[in-house]
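Trainee: File upload.txt follows (compact mmCIF, C-alpha atoms):
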```txt
# COMPACT_ATOMS: atom_id res chain seq x y z
CA MET H 260 7.07 1.81 24.89
CA ALA H 261 7.42 2.51 21.22
CA GLU H 262 7.23 -0.49 18.94
CA ILE H 263 9.34 -0.79 15.81
CA GLN H 264 7.11 -0.22 12.79
CA SER H 265 6.63 -2.82 10.11
CA PRO H 266 8.43 -1.26 7.14
CA SER H 267 6.86 -0.84 3.74
CA GLN H 268 7.68 -3.10 0.78
CA THR H 269 6.75 -2.80 -2.87
CA SER H 270 3.34 -4.05 -3.99
CA GLY H 271 5.07 -5.76 -6.90
CA PRO H 272 3.20 -6.09 -10.20
CA LEU H 273 0.96 -9.09 -9.41
CA PHE H 274 -1.61 -7.56 -7.05
CA GLY H 275 -4.51 -7.22 -9.48
CA PHE H 276 -6.23 -10.55 -8.87
CA ALA H 277 -6.39 -9.76 -5.16
CA LEU H 278 -6.84 -6.03 -4.76
CA MET H 279 -9.17 -4.93 -7.53
CA PHE H 280 -12.91 -5.35 -7.03
CA GLU H 281 -16.10 -4.53 -8.87
CA GLY H 282 -16.43 -0.77 -9.12
CA SER H 283 -13.18 -0.22 -7.28
CA ASN H 284 -12.31 2.88 -9.30
CA GLU H 285 -15.59 4.65 -8.56
CA ALA H 286 -15.61 6.42 -5.19
CA VAL H 287 -19.07 7.57 -6.27
CA PRO H 288 -21.11 6.04 -9.09
CA ALA H 289 -20.27 7.43 -12.53
CA GLY H 290 -23.06 9.72 -13.62
CA SER H 291 -24.31 10.39 -10.09
CA ALA H 292 -24.81 13.96 -8.92
CA GLY H 293 -21.47 15.71 -8.53
CA ALA H 294 -19.44 12.83 -9.98
CA VAL H 295 -16.19 13.95 -11.61
CA ARG H 296 -13.95 11.71 -13.69
CA ILE H 297 -10.21 12.12 -13.26
CA ASP H 298 -7.98 10.61 -15.94
CA GLY H 299 -4.23 10.50 -15.73
CA ALA H 300 -1.02 8.65 -16.41
CA VAL H 301 1.84 7.57 -14.16
CA ILE H 302 5.18 8.31 -15.81
CA ASP H 303 8.71 7.28 -14.84
CA GLY H 304 12.01 9.16 -15.03
CA ASP H 305 12.53 8.24 -18.67
CA GLY H 306 9.12 9.59 -19.59
CA ILE H 307 7.80 6.07 -20.01
CA PRO H 308 4.36 5.29 -18.61
CA VAL H 309 4.20 2.78 -15.77
CA TYR H 310 2.05 0.34 -17.71
CA TRP H 311 -0.28 -2.45 -16.60
CA PRO H 312 0.29 -4.48 -14.48
CA GLU H 313 2.80 -2.51 -12.48
CA CYS H 314 0.92 0.28 -10.70
CA PHE H 315 -2.20 0.92 -8.65
CA LEU H 316 -3.44 4.10 -7.06
CA GLU H 317 -5.84 5.00 -4.28
CA PHE H 318 -7.80 8.25 -4.21
CA TRP H 319 -9.52 9.08 -0.96
CA ALA H 320 -11.05 11.87 1.09
CA GLY H 321 -13.71 11.78 3.78
CA ASP H 322 -16.09 8.93 2.98
CA GLN H 323 -14.73 8.48 -0.54
CA PHE H 324 -12.33 5.70 -1.53
CA ALA H 325 -11.34 4.55 -5.00
CA ARG H 326 -8.71 2.09 -6.10
CA THR H 327 -7.60 2.09 -9.73
CA ARG H 328 -4.69 0.84 -11.79
CA THR H 329 -2.86 1.85 -14.91
CA ASP H 330 -3.76 0.17 -18.18
CA GLU H 331 -1.63 -0.98 -21.11
CA ASP H 332 -0.99 2.68 -22.01
CA GLY H 333 -0.15 3.72 -18.45
CA ASN H 334 -3.46 5.56 -17.99
CA PHE H 335 -5.87 5.36 -15.09
CA THR H 336 -9.41 6.60 -14.49
CA VAL H 337 -11.25 7.29 -11.24
CA VAL H 338 -14.65 8.76 -10.50
CA VAL H 339 -14.89 10.96 -7.43
CA ARG H 340 -16.88 13.84 -6.05
CA LYS H 341 -15.16 17.10 -5.19
CA PRO H 342 -14.89 17.05 -1.39
CA ASP H 343 -15.75 20.04 0.75
CA ALA H 344 -13.10 22.42 1.99
CA GLU H 345 -11.71 21.18 5.30
CA ALA H 346 -11.13 23.32 8.38
CA MET H 347 -7.99 22.39 10.30
CA PRO H 348 -7.46 22.54 14.08
CA ASP H 349 -5.32 25.66 13.69
CA GLY H 350 -8.16 27.52 11.94
CA SER H 351 -6.72 27.33 8.44
CA VAL H 352 -8.91 25.93 5.67
CA GLN H 353 -7.73 23.32 3.18
CA ALA H 354 -9.04 23.63 -0.34
CA PRO H 355 -11.06 20.70 -1.69
CA HIS H 356 -8.66 17.89 -2.54
CA LEU H 357 -8.24 14.14 -2.49
CA ASN H 358 -5.27 12.24 -1.17
CA VAL H 359 -3.58 10.10 -3.79
CA ALA H 360 -1.34 7.16 -2.96
CA VAL H 361 0.69 5.53 -5.75
CA PHE H 362 1.87 1.93 -5.35
CA ALA H 363 4.02 0.23 -7.99
CA ARG H 364 6.68 -2.26 -8.76
CA GLY H 365 9.79 -0.25 -7.98
CA LEU H 366 8.18 1.89 -5.30
CA LEU H 367 9.43 0.56 -1.98
CA LYS H 368 6.83 2.70 -0.23
CA GLN H 369 3.81 4.57 -1.43
CA ALA H 370 4.27 7.91 -3.17
CA LEU H 371 1.74 10.14 -1.41
CA THR H 372 0.36 13.21 -3.12
CA ARG H 373 -2.85 15.23 -3.49
CA VAL H 374 -5.07 16.31 -6.32
CA TYR H 375 -6.68 19.76 -6.17
CA PHE H 376 -9.43 21.15 -8.39
CA PRO H 377 -8.95 23.75 -11.14
CA ASP H 378 -12.19 25.61 -10.38
CA GLU H 379 -11.01 26.42 -6.84
CA ALA H 380 -8.27 28.92 -7.63
CA ALA H 381 -8.95 31.17 -4.63
CA ALA H 382 -9.17 28.28 -2.17
CA ASN H 383 -6.07 26.68 -3.68
CA ASP H 384 -4.14 29.94 -3.25
CA ALA H 385 -4.99 29.92 0.45
CA ASP H 386 -4.41 26.21 1.03
CA PRO H 387 -1.95 25.66 3.88
CA VAL H 388 -0.49 22.46 2.42
CA LEU H 389 -0.05 23.84 -1.10
CA GLU H 390 1.82 26.68 0.60
CA LEU H 391 4.41 24.15 1.74
CA VAL H 392 5.08 23.16 -1.88
CA PRO H 393 7.58 25.28 -3.81
CA GLU H 394 5.51 27.90 -5.64
CA GLU H 395 6.68 26.88 -9.10
CA ASP H 396 5.51 23.29 -8.47
CA ARG H 397 2.05 23.97 -7.03
CA HIS H 398 0.30 23.79 -10.38
CA LEU H 399 1.45 20.15 -10.64
CA LEU H 400 -1.05 19.27 -7.89
CA VAL H 401 -4.01 20.91 -9.60
CA ALA H 402 -5.89 18.79 -12.12
CA ARG H 403 -6.48 20.28 -15.57
CA ASP H 404 -10.00 20.77 -16.87
CA GLU H 405 -10.34 18.89 -20.13
CA GLY H 406 -14.09 19.28 -20.47
CA GLU H 407 -15.45 15.76 -20.05
CA ALA H 408 -12.93 14.92 -17.35
CA LEU H 409 -10.12 16.32 -15.28
CA ARG H 410 -6.57 15.34 -16.12
CA PHE H 411 -4.00 14.57 -13.41
CA ASP H 412 -0.70 13.10 -14.56
CA ILE H 413 1.76 11.82 -12.00
CA HIS H 414 5.45 12.11 -12.82
CA LEU H 415 7.58 10.03 -10.48
CA GLN H 416 10.73 11.89 -11.55
CA GLY H 417 11.91 14.56 -13.97
CA GLU H 418 11.39 18.23 -14.57
CA ASN H 419 7.68 17.96 -13.85
CA GLU H 420 8.05 15.57 -10.93
CA THR H 421 4.85 15.58 -8.93
CA PRO H 422 5.32 16.99 -5.45
CA PHE H 423 5.11 14.10 -3.01
CA PHE H 424 4.58 14.21 0.74
CA ALA H 425 6.89 12.51 3.21
CA PHE H 426 5.58 9.12 4.12
CA MET M 240 9.45 23.76 20.83
CA ALA M 241 11.49 20.62 20.33
CA VAL M 242 10.09 17.89 18.17
CA ALA M 243 10.91 14.26 18.72
CA GLU M 244 12.43 12.75 15.60
CA ARG M 245 10.08 10.44 13.82
CA GLU M 246 11.65 7.04 13.76
CA ASP M 247 11.45 6.18 10.09
CA ILE M 248 12.20 2.58 9.42
CA ASN M 249 10.80 2.50 5.91
CA PRO M 250 13.13 1.85 3.00
CA PRO M 251 14.18 4.85 0.97
CA TYR M 252 12.60 5.26 -2.46
CA LEU M 253 15.94 4.83 -4.18
CA HIS M 254 17.70 1.51 -3.65
CA PRO M 255 19.89 0.76 -6.70
CA ASP M 256 20.23 -2.95 -5.83
CA TYR M 257 16.52 -3.06 -6.71
CA ALA M 258 17.20 -1.57 -10.11
CA ILE M 259 13.69 -0.54 -11.08
CA THR M 260 13.77 2.08 -8.30
CA ILE M 261 16.32 4.10 -10.26
CA LYS M 262 13.73 5.44 -12.69
CA ARG M 263 10.78 5.38 -10.31
CA ALA M 264 12.02 6.79 -7.01
CA PRO M 265 10.75 10.31 -6.40
CA SER M 266 13.91 12.37 -6.40
CA LYS M 267 12.91 15.89 -5.44
CA ARG M 268 12.71 16.81 -1.79
CA VAL M 269 9.50 15.43 -0.38
CA VAL M 270 7.22 17.90 1.36
CA GLU M 271 6.57 17.36 5.07
CA ILE M 272 2.92 17.63 6.03
CA PRO M 273 2.76 19.31 9.46
CA ARG M 274 3.26 16.39 11.81
CA GLY M 275 0.20 17.12 13.93
CA TRP M 276 -1.87 16.60 10.80
CA PHE M 277 0.10 13.73 9.40
CA HIS M 278 -0.24 11.74 12.59
CA THR M 279 -3.89 12.48 13.26
CA SER M 280 -5.57 12.87 9.87
CA PRO M 281 -7.87 9.98 9.10
CA GLY M 282 -6.84 7.36 6.58
CA PRO M 283 -8.84 5.87 3.73
CA VAL M 284 -12.31 4.59 4.49
CA TRP M 285 -12.11 1.06 3.13
CA GLY M 286 -15.71 -0.01 3.68
CA ARG M 287 -16.38 -0.48 -0.05
CA ILE M 288 -13.80 -3.25 -0.25
CA PRO M 289 -15.70 -6.53 -0.07
CA VAL M 290 -14.72 -8.81 2.80
CA GLN M 291 -16.71 -11.81 4.00
CA PRO M 292 -16.30 -14.17 6.94
CA GLY M 293 -14.26 -17.04 5.55
CA ASP M 294 -12.19 -14.90 3.22
CA ASN M 295 -9.32 -15.56 5.65
CA ASN M 296 -9.19 -19.23 4.65
CA LEU M 297 -7.40 -19.57 1.31
CA THR M 298 -7.33 -23.37 1.42
CA ASN M 299 -11.03 -24.15 0.91
CA LYS M 300 -12.03 -22.06 -2.07
CA HIS M 301 -12.03 -24.87 -4.63
CA PRO M 302 -13.33 -28.43 -4.71
CA GLY M 303 -9.94 -30.04 -4.15
CA ARG M 304 -7.14 -29.70 -1.67
CA PRO M 305 -4.44 -27.21 -2.72
CA ILE M 306 -0.95 -28.52 -3.30
CA GLY M 307 1.59 -27.57 -0.67
CA GLN M 308 2.12 -27.10 3.02
CA THR M 309 -0.89 -25.75 4.89
CA ILE M 310 0.04 -22.99 7.30
CA THR M 311 -1.71 -20.58 9.60
CA LEU M 312 -0.52 -16.99 9.71
CA SER M 313 -1.75 -15.11 12.70
CA GLY M 314 -0.87 -12.34 15.06
CA ARG M 315 -1.86 -8.90 16.18
CA VAL M 316 -1.96 -5.56 14.45
CA LEU M 317 -0.57 -2.88 16.75
CA ASP M 318 0.39 0.71 16.32
CA SER M 319 3.85 1.99 17.11
CA ASP M 320 2.59 3.23 20.47
CA GLY M 321 1.82 -0.37 21.37
CA ARG M 322 -1.96 -0.12 21.11
CA PRO M 323 -3.92 -2.80 19.25
CA VAL M 324 -5.57 -1.75 15.98
CA PRO M 325 -9.05 -3.29 16.02
CA HIS M 326 -11.45 -3.66 13.09
CA THR M 327 -8.96 -2.88 10.37
CA LEU M 328 -8.84 -4.59 6.97
CA ILE M 329 -5.97 -6.87 6.01
CA GLU M 330 -5.62 -8.01 2.38
CA ILE M 331 -3.09 -10.65 1.36
CA TRP M 332 -1.94 -12.11 -1.94
CA GLN M 333 0.68 -14.70 -2.70
CA THR M 334 1.97 -17.45 -4.97
CA ASN M 335 0.89 -21.04 -4.76
CA ALA M 336 3.25 -23.76 -3.61
CA SER M 337 5.10 -23.77 -6.94
CA GLY M 338 5.78 -20.03 -7.02
CA ALA M 339 3.06 -18.92 -9.45
CA TYR M 340 0.51 -16.17 -8.91
CA LEU M 341 -2.93 -16.71 -10.35
CA ASP M 342 -2.73 -13.13 -11.66
CA PRO M 343 -2.97 -12.87 -15.47
CA ALA M 344 0.25 -10.84 -15.45
CA ASP M 345 2.24 -13.70 -13.92
CA PRO M 346 4.83 -14.97 -16.42
CA GLN M 347 3.72 -18.54 -15.65
CA PHE M 348 7.19 -20.03 -15.36
CA MET M 349 5.66 -22.16 -12.65
CA SER M 350 2.48 -24.22 -12.70
CA LEU M 351 -0.87 -23.02 -11.49
CA ASP M 352 -2.80 -25.02 -8.92
CA PRO M 353 -6.48 -25.36 -9.87
CA ASN M 354 -7.30 -25.57 -6.18
CA PHE M 355 -5.57 -22.41 -5.03
CA THR M 356 -6.25 -18.76 -5.77
CA GLY M 357 -3.96 -17.06 -3.25
CA ALA M 358 -5.94 -13.96 -2.29
CA GLY M 359 -7.57 -13.35 1.08
CA ARG M 360 -9.04 -10.69 3.30
CA THR M 361 -9.91 -10.36 6.95
CA VAL M 362 -10.69 -7.73 9.56
CA THR M 363 -8.89 -7.60 12.90
CA ASP M 364 -10.99 -8.34 15.98
CA SER M 365 -11.54 -6.00 18.92
CA GLU M 366 -8.03 -6.78 20.21
CA GLY M 367 -6.32 -6.35 16.85
CA ARG M 368 -5.94 -10.08 16.23
CA TYR M 369 -6.10 -11.68 12.81
CA HIS M 370 -5.83 -15.18 11.44
CA PHE M 371 -5.28 -16.62 7.97
CA ARG M 372 -5.15 -20.22 6.83
CA THR M 373 -3.27 -20.67 3.59
CA ILE M 374 -0.56 -22.55 1.74
CA LYS M 375 3.08 -21.70 2.27
CA PRO M 376 4.13 -19.70 -0.79
CA ALA M 377 7.29 -20.65 -2.70
CA ALA M 378 10.40 -18.75 -3.64
CA TYR M 379 10.52 -17.90 -7.32
CA PRO M 380 13.02 -16.52 -9.82
CA GLY M 381 12.20 -13.22 -11.47
CA GLU M 382 12.40 -12.38 -15.13
CA ILE M 383 15.18 -9.97 -14.30
CA GLY M 384 18.61 -11.53 -14.03
CA GLY M 385 19.66 -12.25 -10.50
CA LEU M 386 16.42 -11.64 -8.67
CA PHE M 387 15.23 -14.72 -6.83
CA ARG M 388 12.49 -13.73 -4.43
CA PRO M 389 12.24 -15.50 -1.10
CA ALA M 390 8.81 -16.89 -0.28
CA HIS M 391 6.56 -14.03 0.78
CA ILE M 392 2.96 -13.02 1.33
CA HIS M 393 2.03 -9.53 0.12
CA THR M 394 0.05 -7.72 2.78
CA SER M 395 -1.98 -4.52 2.73
CA LEU M 396 -3.41 -2.75 5.79
CA PHE M 397 -5.18 0.53 6.36
CA GLY M 398 -5.20 1.33 10.05
CA PRO M 399 -7.11 4.40 11.18
CA LEU M 400 -4.79 7.19 10.08
CA LEU M 401 -3.28 8.75 6.99
CA GLY M 402 0.12 7.65 8.27
CA SER M 403 -0.89 4.08 9.08
CA ARG M 404 -1.56 2.87 5.51
CA LEU M 405 0.87 0.03 4.84
CA VAL M 406 1.65 -2.27 1.94
CA THR M 407 4.36 -4.72 2.83
CA GLN M 408 5.46 -8.35 2.55
CA CYS M 409 5.66 -11.15 5.09
CA TYR M 410 8.68 -13.46 4.88
CA PHE M 411 9.47 -16.74 6.64
CA ASP M 412 12.05 -17.50 9.26
CA GLY M 413 14.93 -19.62 8.00
CA ASP M 414 14.56 -18.81 4.31
CA PRO M 415 18.11 -18.77 2.90
CA LEU M 416 17.14 -16.15 0.30
CA LEU M 417 16.35 -13.47 2.89
CA ASP M 418 19.91 -12.21 3.16
CA ARG M 419 20.27 -11.59 -0.58
CA ASP M 420 16.86 -10.18 -1.42
CA PRO M 421 17.29 -6.59 -2.61
CA ILE M 422 13.70 -5.64 -1.76
CA LEU M 423 13.81 -6.84 1.85
CA ASN M 424 17.33 -5.50 2.32
CA ALA M 425 16.32 -2.04 1.15
CA ILE M 426 15.11 -1.63 4.75
CA PRO M 427 17.89 0.30 6.44
CA ASP M 428 17.44 -1.11 9.93
CA ARG M 429 17.84 -4.76 10.93
CA ARG M 430 14.99 -4.38 13.42
CA GLY M 431 12.71 -3.46 10.54
CA ILE M 432 13.75 -6.52 8.56
CA GLU M 433 13.06 -8.71 11.58
CA ARG M 434 9.56 -7.20 11.80
CA LEU M 435 8.69 -8.68 8.42
CA ILE M 436 9.73 -12.25 9.22
CA ALA M 437 7.05 -14.64 10.46
CA ARG M 438 8.20 -17.10 13.14
CA PHE M 439 7.31 -20.74 13.44
CA ASN M 440 5.17 -21.36 16.50
CA SER M 441 5.70 -24.93 17.62
CA PRO M 442 3.10 -25.04 20.47
CA ASN M 443 0.40 -23.68 18.18
CA THR M 444 1.16 -26.10 15.39
CA GLU M 445 -1.68 -28.55 15.19
CA VAL M 446 -1.25 -32.19 16.02
CA GLY M 447 -0.35 -34.04 12.84
CA GLY M 448 -3.26 -35.00 10.63
CA VAL M 449 -4.27 -34.68 7.03
CA ASP M 450 -5.57 -31.11 7.48
CA SER M 451 -2.98 -29.96 10.00
CA ALA M 452 -1.24 -26.66 9.55
CA LEU M 453 2.14 -25.34 10.56
CA ALA M 454 1.59 -22.25 12.70
CA TYR M 455 3.41 -19.02 11.92
CA ASP M 456 3.17 -15.89 14.05
CA TRP M 457 3.48 -12.44 12.57
CA ASP M 458 2.63 -9.21 14.36
CA ILE M 459 2.22 -6.10 12.24
CA VAL M 460 3.01 -2.64 13.61
CA LEU M 461 1.46 0.40 11.93
CA ARG M 462 2.60 3.98 12.42
CA GLY M 463 0.78 5.35 15.45
CA PRO M 464 -0.36 8.81 16.43
CA ALA M 465 2.15 9.42 19.24
CA ALA M 466 5.30 11.19 18.02
CA THR M 467 3.63 14.37 19.21
CA PRO M 468 5.59 17.59 19.46
CA MET M 469 7.00 18.03 22.95
CA GLU M 470 7.24 21.38 24.72
CA ASP M 471 10.70 22.28 25.91
```
Would you kindly transcribe this structure into structure tokens?
Mentor:
Amino acid sequence: MAEIQSPSQTSGPLFGFALMFEGSNEAVPAGSAGAVRIDGAVIDGDGIPVYWPECFLEFWAGDQFARTRTDEDGNFTVVVRKPDAEAMPDGSVQAPHLNVAVFARGLLKQALTRVYFPDEAAANDADPVLELVPEEDRHLLVARDEGEALRFDIHLQGENETPFFAF
Amino acid sequence: MAVAEREDINPPYLHPDYAITIKRAPSKRVVEIPRGWFHTSPGPVWGRIPVQPGDNNLTNKHPGRPIGQTITLSGRVLDSDGRPVPHTLIEIWQTNASGAYLDPADPQFMSLDPNFTGAGRTVTDSEGRYHFRTIKPAAYPGEIGGLFRPAHIHTSLFGPLLGSRLVTQCYFDGDPLLDRDPILNAIPDRRGIERLIARFNSPNTEVGGVDSALAYDWDIVLRGPAATPMED
């Protein structure tokens, strides 16, 4: 017999003292082999960053998990390792990516998205989930290479709204 | 091939009564991940999050006794197929008995309690059971005109699957603010609202004494892997 699910509610803005922990934004240690820094901002429908304390994000894939939050400028930083490509039961292969969940005051449930890697153009072109995203929006899920770090901005609304997955 | 409709009891992103959603709700069409993947892909591995035995007791973390009513909050974590969810992390955070969070971002309209932090963690046992001992949180007015939050305990769970990750809030039976709270009432289905309300458990309430706690029961139901496509 199916049970009624417990519905989602907003995290609110006052989670930091409970949810953040030492090293929480490093899925792998900064500076370790293969570590990649991803910087980004979370931006609302007026183009205003979702500043501290109102937003936290989780990046995860395989054995990697990082929890970060936006600062006074609306920016976040995580350190991850590029995961391997992932074969699916139907034989298709997903390009390396991490799942990204955004929680914030004003988000009644998480906004679920993915970050792909800019040096994986061929794999990204063949990715079965990116194929579900309207073609003109796919680039919004690929981080930009800015030399020292990758850049992945998340727009909750607007012309460049990040593609989100049903949750 | 017919596909059973997923019963989605979550609130929508946009709920204008909760005004901050207007500029934050994703507004383009969300993309559906193929349901076979969505319902079976693993969720986050939370093992880096520190949790110790005793982190489920929020009342003994300081030298003195916290102000307020001691309560227990306990129940089972299940999935929507009715199976228990063992060995999953639960994180909670809440106000003290005056309605203040210890968090530095709290506006501090209300007083802090030097004997109460208000953050806890635990892991469900092999049958999905959990137990917290804490102080009953208080209702508090927001900075935004009109918002007066009922007492609630923020709750975060992972479960085993991509689709089972849940951040929600636990409310208390009988709170007169429940019916007017725009966040709780963003849930479109009364049955979902009821799911988030902890119930007083008289038989489990300890015999009166200086350390006695009122017992509240609250089961948590995560999205399960069933909802599989059915052949015609």
Trainee: From the set M:Pro389, M:Gly314, M:Gly286, M:Gly398, which residue has the shortest atom-to-atom contact distance to chain H, counting all atoms listed in the file?
Mentor: M:Gly286
Trainee: Distance table requested - chain M against chain H, cut-off 6 Å, all atoms listed in the file: one row per qualifying residue with the closest atom pair and its distance in Å to one decimal, ordered by chain and rising residue number, as a tab-separated table.
Mentor:
```
residue	atom	partner	partner_atom	distance
M:Ile248	CA	H:Pro266	CA	5.8
M:Asn249	CA	H:Pro266	CA	4.6
M:Tyr252	CA	H:Leu367	CA	5.7
M:Ile259	CA	H:Gly365	CA	5.0
M:Thr260	CA	H:Gly365	CA	4.6
M:Lys262	CA	H:Gly304	CA	4.7
M:Arg263	CA	H:Asp303	CA	5.3
M:Pro265	CA	H:Leu415	CA	5.2
M:Val269	CA	H:Phe424	CA	5.2
M:Val270	CA	H:Phe424	CA	4.6
M:Glu271	CA	H:Ala425	CA	5.2
M:Pro283	CA	H:Trp319	CA	5.7
M:Val284	CA	H:Asp322	CA	6.0
M:Ser319	CA	H:Glu262	CA	4.6
M:Asp320	CA	H:Ala261	CA	4.9
M:Gly321	CA	H:Glu262	CA	5.9
M:Trp332	CA	H:Ala277	CA	6.0
M:Asp342	CA	H:Phe276	CA	5.2
M:Ala358	CA	H:Ala277	CA	5.1
M:Val406	CA	H:Ser267	CA	5.7
M:Thr407	CA	H:Gln268	CA	4.2
M:Gln408	CA	H:Gln268	CA	6.0
M:Gly431	CA	H:Pro266	CA	5.9
M:Arg434	CA	H:Ser265	CA	5.5
M:Ile459	CA	H:Ser265	CA	5.9
M:Val460	CA	H:Gln264	CA	4.8
M:Leu461	CA	H:Gln264	CA	5.7
```
Trainee: From the list M:Leu297, M:Ala452, M:Ile426, M:Cys409, which residue is nearest Asp247 of chain M when using only C-alpha atoms?
Mentor: M:Ile426
Trainee: Quick check, in Å to one decimal: how far apart do atom CA of Asp414 of chain M and atom CA of Gly303 of chain M lie?
Mentor: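 A separation of 28.2 Å between them.
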Trainee: Provide the atom CA of Glu379 of chain H to atom CA of Gly293 of chain H distance in Å, to one decimal place.
Mentor: 15.1 Å
Trainee: Could you tell me which of M:Pro415, M:Pro399, M:Gly447, M:Pro325 comes closest to Thr361 of chain M if we count only C-alpha atoms?
Mentor: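 Answer, going by the shortest atom-to-atom distance: M:Pro325.
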Trainee: Just the number, please: distance in Å from atom CA of Pro273 of chain M to atom CA of Pro250 of chain M, one decimal.
Mentor: 21.3 Å
Trainee: Give me the residues near Asp404 of chain H as a list in words, where near means some atom within 9 Å (using only C-alpha atoms) and where sequence neighbours in that chain fewer than 3 positions away do not count.
Mentor: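 These residues fall inside the cut-off: Phe376, Pro377, Asp378, Glu407, Ala408, Leu409 and Arg410 of chain H.
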Trainee: Place N, CA and C atoms on segment 366-377 of chain M and deliver the coordinates as a PDB file, keeping the file's coordinate frame.
Mentor:
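out.pdb written:
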```pdb
ATOM      1  N   GLU M 366      -9.361  -6.882  19.602  1.00  0.00           N
ATOM      2  CA  GLU M 366      -8.030  -6.780  20.210  1.00  0.00           C
ATOM      3  C   GLU M 366      -6.922  -6.702  19.162  1.00  0.00           C
ATOM      4  N   GLY M 367      -7.311  -6.479  17.909  1.00  0.00           N
ATOM      5  CA  GLY M 367      -6.320  -6.350  16.850  1.00  0.00           C
ATOM      6  C   GLY M 367      -5.816  -7.672  16.303  1.00  0.00           C
ATOM      7  N   ARG M 368      -6.440  -8.771  16.692  1.00  0.00           N
ATOM      8  CA  ARG M 368      -5.940 -10.080  16.230  1.00  0.00           C
ATOM      9  C   ARG M 368      -6.480 -10.425  14.844  1.00  0.00           C
ATOM     10  N   TYR M 369      -5.669 -11.186  14.120  1.00  0.00           N
ATOM     11  CA  TYR M 369      -6.100 -11.680  12.810  1.00  0.00           C
ATOM     12  C   TYR M 369      -5.624 -13.107  12.652  1.00  0.00           C
ATOM     13  N   HIS M 370      -6.185 -13.784  11.661  1.00  0.00           N
ATOM     14  CA  HIS M 370      -5.830 -15.180  11.440  1.00  0.00           C
ATOM     15  C   HIS M 370      -6.101 -15.538   9.978  1.00  0.00           C
ATOM     16  N   PHE M 371      -5.096 -16.075   9.312  1.00  0.00           N
ATOM     17  CA  PHE M 371      -5.280 -16.620   7.970  1.00  0.00           C
ATOM     18  C   PHE M 371      -4.896 -18.090   7.964  1.00  0.00           C
ATOM     19  N   ARG M 372      -5.553 -18.844   7.099  1.00  0.00           N
ATOM     20  CA  ARG M 372      -5.150 -20.220   6.830  1.00  0.00           C
ATOM     21  C   ARG M 372      -4.859 -20.289   5.339  1.00  0.00           C
ATOM     22  N   THR M 373      -3.667 -20.724   4.991  1.00  0.00           N
ATOM     23  CA  THR M 373      -3.270 -20.670   3.590  1.00  0.00           C
ATOM     24  C   THR M 373      -2.241 -21.757   3.298  1.00  0.00           C
ATOM     25  N   ILE M 374      -1.612 -21.635   2.152  1.00  0.00           N
ATOM     26  CA  ILE M 374      -0.560 -22.550   1.740  1.00  0.00           C
ATOM     27  C   ILE M 374       0.746 -21.784   1.798  1.00  0.00           C
ATOM     28  N   LYS M 375       1.807 -22.412   2.235  1.00  0.00           N
ATOM     29  CA  LYS M 375       3.080 -21.700   2.270  1.00  0.00           C
ATOM     30  C   LYS M 375       3.489 -21.361   0.835  1.00  0.00           C
ATOM     31  N   PRO M 376       3.718 -20.077   0.562  1.00  0.00           N
ATOM     32  CA  PRO M 376       4.130 -19.700  -0.790  1.00  0.00           C
ATOM     33  C   PRO M 376       5.549 -20.199  -1.063  1.00  0.00           C
ATOM     34  N   ALA M 377       5.954 -20.167  -2.317  1.00  0.00           N
ATOM     35  CA  ALA M 377       7.290 -20.650  -2.700  1.00  0.00           C
ATOM     36  C   ALA M 377       8.153 -19.478  -3.159  1.00  0.00           C
TER      37      ALA M 377
END
```
